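File shown: entry_10.txt. Contents: compact mmCIF, N, CA and C atoms.
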# COMPACT_ATOMS: atom_id res chain seq x y z
N MET A 30 118.61 -7.84 95.48
CA MET A 30 117.69 -7.08 96.30
C MET A 30 117.19 -7.99 97.42
N VAL A 31 117.10 -7.45 98.62
CA VAL A 31 116.60 -8.18 99.78
C VAL A 31 115.33 -7.50 100.26
N ILE A 32 114.26 -8.28 100.39
CA ILE A 32 112.96 -7.75 100.78
C ILE A 32 112.45 -8.51 101.99
N LEU A 33 111.91 -7.77 102.96
CA LEU A 33 111.29 -8.42 104.11
C LEU A 33 109.97 -9.02 103.65
N GLU A 34 109.88 -10.33 103.65
CA GLU A 34 108.68 -11.04 103.23
C GLU A 34 107.64 -11.05 104.35
N ARG A 35 108.07 -11.46 105.54
CA ARG A 35 107.13 -11.58 106.66
C ARG A 35 107.90 -11.87 107.95
N PHE A 36 107.16 -11.76 109.05
CA PHE A 36 107.66 -12.17 110.36
C PHE A 36 106.97 -13.46 110.76
N GLU A 37 107.72 -14.35 111.36
CA GLU A 37 107.18 -15.56 111.96
C GLU A 37 107.70 -15.58 113.40
N GLY A 38 106.91 -14.97 114.29
CA GLY A 38 107.36 -14.82 115.67
C GLY A 38 108.57 -13.91 115.72
N ASP A 39 109.67 -14.41 116.27
CA ASP A 39 110.90 -13.63 116.39
C ASP A 39 111.82 -13.78 115.19
N ILE A 40 111.34 -14.44 114.14
CA ILE A 40 112.14 -14.66 112.94
C ILE A 40 111.62 -13.77 111.81
N ALA A 41 112.55 -13.14 111.11
CA ALA A 41 112.22 -12.35 109.92
C ALA A 41 112.59 -13.20 108.70
N VAL A 42 111.64 -13.35 107.79
CA VAL A 42 111.87 -14.11 106.56
C VAL A 42 112.16 -13.10 105.45
N LEU A 43 113.37 -13.17 104.91
CA LEU A 43 113.79 -12.25 103.86
C LEU A 43 113.83 -12.99 102.53
N GLU A 44 113.42 -12.32 101.47
CA GLU A 44 113.54 -12.85 100.12
C GLU A 44 114.74 -12.19 99.47
N THR A 45 115.66 -13.01 98.98
CA THR A 45 116.86 -12.51 98.32
C THR A 45 116.87 -12.99 96.87
N ASP A 46 117.83 -12.53 96.11
CA ASP A 46 117.97 -12.99 94.74
C ASP A 46 118.31 -14.47 94.68
N ASN A 47 118.80 -15.01 95.80
CA ASN A 47 119.22 -16.42 95.86
C ASN A 47 118.28 -17.28 96.68
N GLY A 48 117.09 -16.79 97.03
CA GLY A 48 116.15 -17.56 97.83
C GLY A 48 115.84 -16.88 99.15
N SER A 49 115.31 -17.66 100.08
CA SER A 49 114.90 -17.12 101.38
C SER A 49 116.05 -17.15 102.38
N LEU A 50 115.95 -16.22 103.33
CA LEU A 50 116.93 -16.13 104.41
C LEU A 50 116.16 -15.82 105.68
N ASN A 51 116.41 -16.57 106.74
CA ASN A 51 115.78 -16.33 108.03
C ASN A 51 116.80 -15.72 108.98
N ILE A 52 116.41 -14.59 109.59
CA ILE A 52 117.29 -13.95 110.57
C ILE A 52 116.44 -13.57 111.78
N SER A 53 117.09 -13.22 112.85
CA SER A 53 116.40 -12.77 114.05
C SER A 53 115.75 -11.41 113.78
N ARG A 54 114.52 -11.26 114.22
CA ARG A 54 113.80 -9.99 114.07
C ARG A 54 114.58 -8.85 114.73
N ALA A 55 115.29 -9.16 115.80
CA ALA A 55 116.05 -8.16 116.56
C ALA A 55 117.18 -7.54 115.74
N GLU A 56 117.61 -8.19 114.65
CA GLU A 56 118.68 -7.65 113.82
C GLU A 56 118.21 -6.52 112.90
N LEU A 57 116.90 -6.37 112.76
CA LEU A 57 116.34 -5.37 111.85
C LEU A 57 115.94 -4.11 112.60
N PRO A 58 115.85 -2.98 111.89
CA PRO A 58 115.37 -1.76 112.53
C PRO A 58 113.95 -1.95 113.06
N GLU A 59 113.61 -1.30 114.16
CA GLU A 59 112.29 -1.44 114.78
C GLU A 59 111.15 -1.08 113.84
N GLU A 60 111.36 -0.09 112.97
CA GLU A 60 110.29 0.42 112.11
C GLU A 60 110.11 -0.36 110.81
N VAL A 61 110.83 -1.45 110.61
CA VAL A 61 110.75 -2.22 109.38
C VAL A 61 109.36 -2.84 109.20
N CYS A 62 108.89 -2.85 107.95
CA CYS A 62 107.56 -3.39 107.62
C CYS A 62 107.69 -4.42 106.50
N ASP A 63 106.69 -5.28 106.39
CA ASP A 63 106.64 -6.23 105.28
C ASP A 63 106.78 -5.46 103.97
N GLY A 64 107.60 -5.97 103.07
CA GLY A 64 107.77 -5.34 101.77
C GLY A 64 108.91 -4.35 101.70
N ASP A 65 109.51 -4.00 102.83
CA ASP A 65 110.63 -3.06 102.81
C ASP A 65 111.85 -3.69 102.13
N VAL A 66 112.57 -2.88 101.37
CA VAL A 66 113.83 -3.30 100.77
C VAL A 66 114.92 -3.03 101.80
N LEU A 67 115.76 -4.04 102.02
CA LEU A 67 116.79 -3.94 103.05
C LEU A 67 118.19 -3.99 102.45
N VAL A 68 119.12 -3.37 103.16
CA VAL A 68 120.52 -3.35 102.77
C VAL A 68 121.34 -3.77 103.99
N PHE A 69 122.31 -4.67 103.78
CA PHE A 69 123.21 -5.08 104.85
C PHE A 69 124.55 -4.41 104.61
N SER A 70 124.95 -3.56 105.54
CA SER A 70 126.20 -2.82 105.39
C SER A 70 126.78 -2.53 106.77
N GLY A 71 128.07 -2.67 106.89
CA GLY A 71 128.73 -2.37 108.15
C GLY A 71 128.27 -3.25 109.29
N GLY A 72 127.81 -4.46 108.96
CA GLY A 72 127.39 -5.41 109.99
C GLY A 72 125.97 -5.23 110.48
N CYS A 73 125.20 -4.34 109.84
CA CYS A 73 123.81 -4.18 110.28
C CYS A 73 122.88 -3.94 109.09
N TRP A 74 121.60 -4.17 109.33
CA TRP A 74 120.56 -4.01 108.32
C TRP A 74 119.95 -2.62 108.41
N SER A 75 119.65 -2.04 107.25
CA SER A 75 118.92 -0.77 107.21
C SER A 75 117.90 -0.83 106.08
N ILE A 76 116.94 0.06 106.14
CA ILE A 76 115.89 0.12 105.12
C ILE A 76 116.33 1.06 104.02
N ASP A 77 116.23 0.61 102.78
CA ASP A 77 116.49 1.47 101.63
C ASP A 77 115.16 2.13 101.27
N ARG A 78 114.94 3.30 101.81
CA ARG A 78 113.65 4.00 101.64
C ARG A 78 113.33 4.29 100.18
N GLU A 79 114.34 4.71 99.42
CA GLU A 79 114.11 5.05 98.02
C GLU A 79 113.66 3.82 97.23
N LYS A 80 114.37 2.72 97.36
CA LYS A 80 114.00 1.48 96.65
C LYS A 80 112.65 0.96 97.12
N THR A 81 112.37 1.05 98.42
CA THR A 81 111.09 0.61 98.95
C THR A 81 109.96 1.42 98.35
N ASP A 82 110.11 2.74 98.30
CA ASP A 82 109.08 3.61 97.72
C ASP A 82 108.87 3.31 96.24
N GLU A 83 109.97 3.11 95.50
CA GLU A 83 109.87 2.78 94.07
C GLU A 83 109.13 1.46 93.87
N ARG A 84 109.47 0.48 94.67
CA ARG A 84 108.83 -0.84 94.56
C ARG A 84 107.34 -0.77 94.88
N ARG A 85 107.00 -0.05 95.92
CA ARG A 85 105.57 0.08 96.28
C ARG A 85 104.79 0.84 95.22
N ALA A 86 105.39 1.88 94.64
CA ALA A 86 104.71 2.64 93.57
C ALA A 86 104.49 1.74 92.36
N ALA A 87 105.45 0.91 92.01
CA ALA A 87 105.31 0.00 90.87
C ALA A 87 104.20 -1.02 91.14
N MET A 88 104.12 -1.51 92.36
CA MET A 88 103.06 -2.48 92.70
C MET A 88 101.69 -1.83 92.66
N ARG A 89 101.57 -0.59 93.14
CA ARG A 89 100.29 0.13 93.06
C ARG A 89 99.87 0.32 91.62
N SER A 90 100.82 0.67 90.77
CA SER A 90 100.54 0.87 89.35
C SER A 90 100.05 -0.43 88.71
N ARG A 91 100.68 -1.53 89.03
CA ARG A 91 100.25 -2.83 88.49
C ARG A 91 98.84 -3.17 88.94
N MET A 92 98.56 -2.91 90.20
CA MET A 92 97.23 -3.20 90.73
C MET A 92 96.17 -2.36 90.02
N ARG A 93 96.46 -1.09 89.79
CA ARG A 93 95.51 -0.22 89.09
C ARG A 93 95.24 -0.74 87.67
N ARG A 94 96.30 -1.16 86.99
CA ARG A 94 96.13 -1.70 85.64
C ARG A 94 95.28 -2.98 85.65
N LEU A 95 95.51 -3.84 86.63
CA LEU A 95 94.75 -5.09 86.73
C LEU A 95 93.28 -4.80 87.01
N ILE A 96 93.02 -3.86 87.89
CA ILE A 96 91.63 -3.53 88.24
C ILE A 96 90.91 -2.90 87.05
N LYS A 97 91.61 -2.08 86.28
CA LYS A 97 91.00 -1.43 85.10
C LYS A 97 90.61 -2.44 84.04
N LYS A 98 91.31 -3.55 83.92
CA LYS A 98 91.06 -4.54 82.89
C LYS A 98 89.75 -5.29 83.10
N LYS A 99 89.21 -5.26 84.28
CA LYS A 99 87.99 -6.00 84.58
C LYS A 99 86.77 -5.34 84.03

Could you quickly redo this structure as structure tokens?
Amino acid sequence: MVILERFEGDIAVLETDNGSLNISRAELPEEVCDGDVLVFSGGCWSIDREKTDERRAAMRSRMRRLIKKK
């Protein structure tokens, strides 16, 4: 799985199963946001909306559980 970690100027920092990868921000879709799951296919990057939504829902659920424990 490849996730957009953050932008550093014109560089996009991606987290992969094998570590970090830095690519040009221009290689990504304009609407990409931190935390989006990305797929590289046919020579270009796209956002996997389904995986991104699943990942965000799981993170929200974890946060709710953590807040309830206090």

From the set A:Leu95, A:Asp46, A:Arg35, A:Val61, which residue has the shortest atom-to-atom contact distance to Ile76 of chain A, counting only N, CA and C atoms?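 So, comparing all the options, the nearest one is A:Val61.
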
From the list A:Val31, A:Ser70, A:Asp77, A:Pro58, which residue is nearest Thr45 of chain A when using only N, CA and C atoms?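 Closest candidate: A:Val31.
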
Tell me which of A:Asp65, A:Asp39, A:Glu56, A:Glu44 sits closest to Arg84 of chain A, counting only C-alpha atoms. A:Asp65

Neighbours of point (108.4, -12.0, 103.8) within 8 Å, using all atoms listed in the file, written as a compact mmCIF listing (two decimals) with N, CA and C atoms, keeping the file's coordinate frame:
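Ended up saving to point23.txt:
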# COMPACT_ATOMS: atom_id res chain seq x y z
N ILE A 32 114.26 -8.28 100.39
CA ILE A 32 112.96 -7.75 100.78
C ILE A 32 112.45 -8.51 101.99
N LEU A 33 111.91 -7.77 102.96
CA LEU A 33 111.29 -8.42 104.11
C LEU A 33 109.97 -9.02 103.65
N GLU A 34 109.88 -10.33 103.65
CA GLU A 34 108.68 -11.04 103.23
C GLU A 34 107.64 -11.05 104.35
N ARG A 35 108.07 -11.46 105.54
CA ARG A 35 107.13 -11.58 106.66
C ARG A 35 107.90 -11.87 107.95
N PHE A 36 107.16 -11.76 109.05
CA PHE A 36 107.66 -12.17 110.36
C PHE A 36 106.97 -13.46 110.76
N GLU A 37 107.72 -14.35 111.36
CA GLU A 37 107.18 -15.56 111.96
C GLU A 37 107.70 -15.58 113.40
N ALA A 41 112.55 -13.14 111.11
CA ALA A 41 112.22 -12.35 109.92
C ALA A 41 112.59 -13.20 108.70
N VAL A 42 111.64 -13.35 107.79
CA VAL A 42 111.87 -14.11 106.56
C VAL A 42 112.16 -13.10 105.45
N LEU A 43 113.37 -13.17 104.91
CA LEU A 43 113.79 -12.25 103.86
C LEU A 43 113.83 -12.99 102.53
N GLU A 44 113.42 -12.32 101.47
CA GLU A 44 113.54 -12.85 100.12
C GLU A 44 114.74 -12.19 99.47
N ASP A 63 106.69 -5.28 106.39
CA ASP A 63 106.64 -6.23 105.28
C ASP A 63 106.78 -5.46 103.97
N GLY A 64 107.60 -5.97 103.07
CA GLY A 64 107.77 -5.34 101.77
C GLY A 64 108.91 -4.35 101.70

Distance of atom CA of Trp74 of chain A from atom CA of Ser49 of chain A, expressed in Å to one decimal place: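 Distance reported for this atom pair: 15.9 Å.
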
Output as a list in words all residues of segment 38-97 of chain A that backbone DSSP marks as strand (DSSP E or B). Ile40, Ala41, Val42, Leu43, Glu44, Thr45, Gly48, Ser49, Leu50, Asn51, Ile52, Ser53, Val66, Leu67, Val68, Phe69, Ser70, Cys73, Trp74, Ser75 and Ile76 of chain A

Picked from segment 53-94 of chain A by DSSP as helix (DSSP H, G or I), as a list in words: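 Checking each residue of segment 53-94 of chain A, the helix (DSSP H, G or I) ones are Arg54, Ala55, Glu56, Arg78, Glu79, Lys80, Thr81, Asp82, Glu83, Arg84, Arg85, Ala86, Ala87, Met88, Arg89, Ser90, Arg91, Met92, Arg93 and Arg94 of chain A.
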
Selection export as a PDB file, in the coordinates of the input, atoms kept: N, CA and C atoms:
ATOM      1  N   ARG A  54     114.520 -11.260 114.220  1.00  0.00           N
ATOM      2  CA  ARG A  54     113.800  -9.990 114.070  1.00  0.00           C
ATOM      3  C   ARG A  54     114.580  -8.850 114.730  1.00  0.00           C
ATOM      4  N   ALA A  55     115.290  -9.160 115.800  1.00  0.00           N
ATOM      5  CA  ALA A  55     116.050  -8.160 116.560  1.00  0.00           C
ATOM      6  C   ALA A  55     117.180  -7.540 115.740  1.00  0.00           C
ATOM      7  N   GLU A  56     117.610  -8.190 114.650  1.00  0.00           N
ATOM      8  CA  GLU A  56     118.680  -7.650 113.820  1.00  0.00           C
ATOM      9  C   GLU A  56     118.210  -6.520 112.900  1.00  0.00           C
ATOM     10  N   ARG A  78     114.940   3.300 101.810  1.00  0.00           N
ATOM     11  CA  ARG A  78     113.650   4.000 101.640  1.00  0.00           C
ATOM     12  C   ARG A  78     113.330   4.290 100.180  1.00  0.00           C
ATOM     13  N   GLU A  79     114.340   4.710  99.420  1.00  0.00           N
ATOM     14  CA  GLU A  79     114.110   5.050  98.020  1.00  0.00           C
ATOM     15  C   GLU A  79     113.660   3.820  97.230  1.00  0.00           C
ATOM     16  N   LYS A  80     114.370   2.720  97.360  1.00  0.00           N
ATOM     17  CA  LYS A  80     114.000   1.480  96.650  1.00  0.00           C
ATOM     18  C   LYS A  80     112.650   0.960  97.120  1.00  0.00           C
ATOM     19  N   THR A  81     112.370   1.050  98.420  1.00  0.00           N
ATOM     20  CA  THR A  81     111.090   0.610  98.950  1.00  0.00           C
ATOM     21  C   THR A  81     109.960   1.420  98.350  1.00  0.00           C
ATOM     22  N   ASP A  82     110.110   2.740  98.300  1.00  0.00           N
ATOM     23  CA  ASP A  82     109.080   3.610  97.720  1.00  0.00           C
ATOM     24  C   ASP A  82     108.870   3.310  96.240  1.00  0.00           C
ATOM     25  N   GLU A  83     109.970   3.110  95.500  1.00  0.00           N
ATOM     26  CA  GLU A  83     109.870   2.780  94.070  1.00  0.00           C
ATOM     27  C   GLU A  83     109.130   1.460  93.870  1.00  0.00           C
ATOM     28  N   ARG A  84     109.470   0.480  94.670  1.00  0.00           N
ATOM     29  CA  ARG A  84     108.830  -0.840  94.560  1.00  0.00           C
ATOM     30  C   ARG A  84     107.340  -0.770  94.880  1.00  0.00           C
ATOM     31  N   ARG A  85     107.000  -0.050  95.920  1.00  0.00           N
ATOM     32  CA  ARG A  85     105.570   0.080  96.280  1.00  0.00           C
ATOM     33  C   ARG A  85     104.790   0.840  95.220  1.00  0.00           C
ATOM     34  N   ALA A  86     105.390   1.880  94.640  1.00  0.00           N
ATOM     35  CA  ALA A  86     104.710   2.640  93.570  1.00  0.00           C
ATOM     36  C   ALA A  86     104.490   1.740  92.360  1.00  0.00           C
ATOM     37  N   ALA A  87     105.450   0.910  92.010  1.00  0.00           N
ATOM     38  CA  ALA A  87     105.310   0.000  90.870  1.00  0.00           C
ATOM     39  C   ALA A  87     104.200  -1.020  91.140  1.00  0.00           C
ATOM     40  N   MET A  88     104.120  -1.510  92.360  1.00  0.00           N
ATOM     41  CA  MET A  88     103.060  -2.480  92.700  1.00  0.00           C
ATOM     42  C   MET A  88     101.690  -1.830  92.660  1.00  0.00           C
ATOM     43  N   ARG A  89     101.570  -0.590  93.140  1.00  0.00           N
ATOM     44  CA  ARG A  89     100.290   0.130  93.060  1.00  0.00           C
ATOM     45  C   ARG A  89      99.870   0.320  91.620  1.00  0.00           C
ATOM     46  N   SER A  90     100.820   0.670  90.770  1.00  0.00           N
ATOM     47  CA  SER A  90     100.540   0.870  89.350  1.00  0.00           C
ATOM     48  C   SER A  90     100.050  -0.430  88.710  1.00  0.00           C
ATOM     49  N   ARG A  91     100.680  -1.530  89.030  1.00  0.00           N
ATOM     50  CA  ARG A  91     100.250  -2.830  88.490  1.00  0.00           C
ATOM     51  C   ARG A  91      98.840  -3.170  88.940  1.00  0.00           C
ATOM     52  N   MET A  92      98.560  -2.910  90.200  1.00  0.00           N
ATOM     53  CA  MET A  92      97.230  -3.200  90.730  1.00  0.00           C
ATOM     54  C   MET A  92      96.170  -2.360  90.020  1.00  0.00           C
ATOM     55  N   ARG A  93      96.460  -1.090  89.790  1.00  0.00           N
ATOM     56  CA  ARG A  93      95.510  -0.220  89.090  1.00  0.00           C
ATOM     57  C   ARG A  93      95.240  -0.740  87.670  1.00  0.00           C
ATOM     58  N   ARG A  94      96.300  -1.160  86.990  1.00  0.00           N
ATOM     59  CA  ARG A  94      96.130  -1.700  85.640  1.00  0.00           C
ATOM     60  C   ARG A  94      95.280  -2.980  85.650  1.00  0.00           C
TER      61      ARG A  94
END

Atom C of Gly38 of chain A and atom N of Asp82 of chain A, how far apart in Å?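 Computing it gives 24.1 Å between the two atoms.
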
Quick one, how far is atom C of Cys73 of chain A from atom N of Ala87 of chain A?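 Result for atom C of Cys73 of chain A versus atom N of Ala87 of chain A: 24.9 Å, one decimal.
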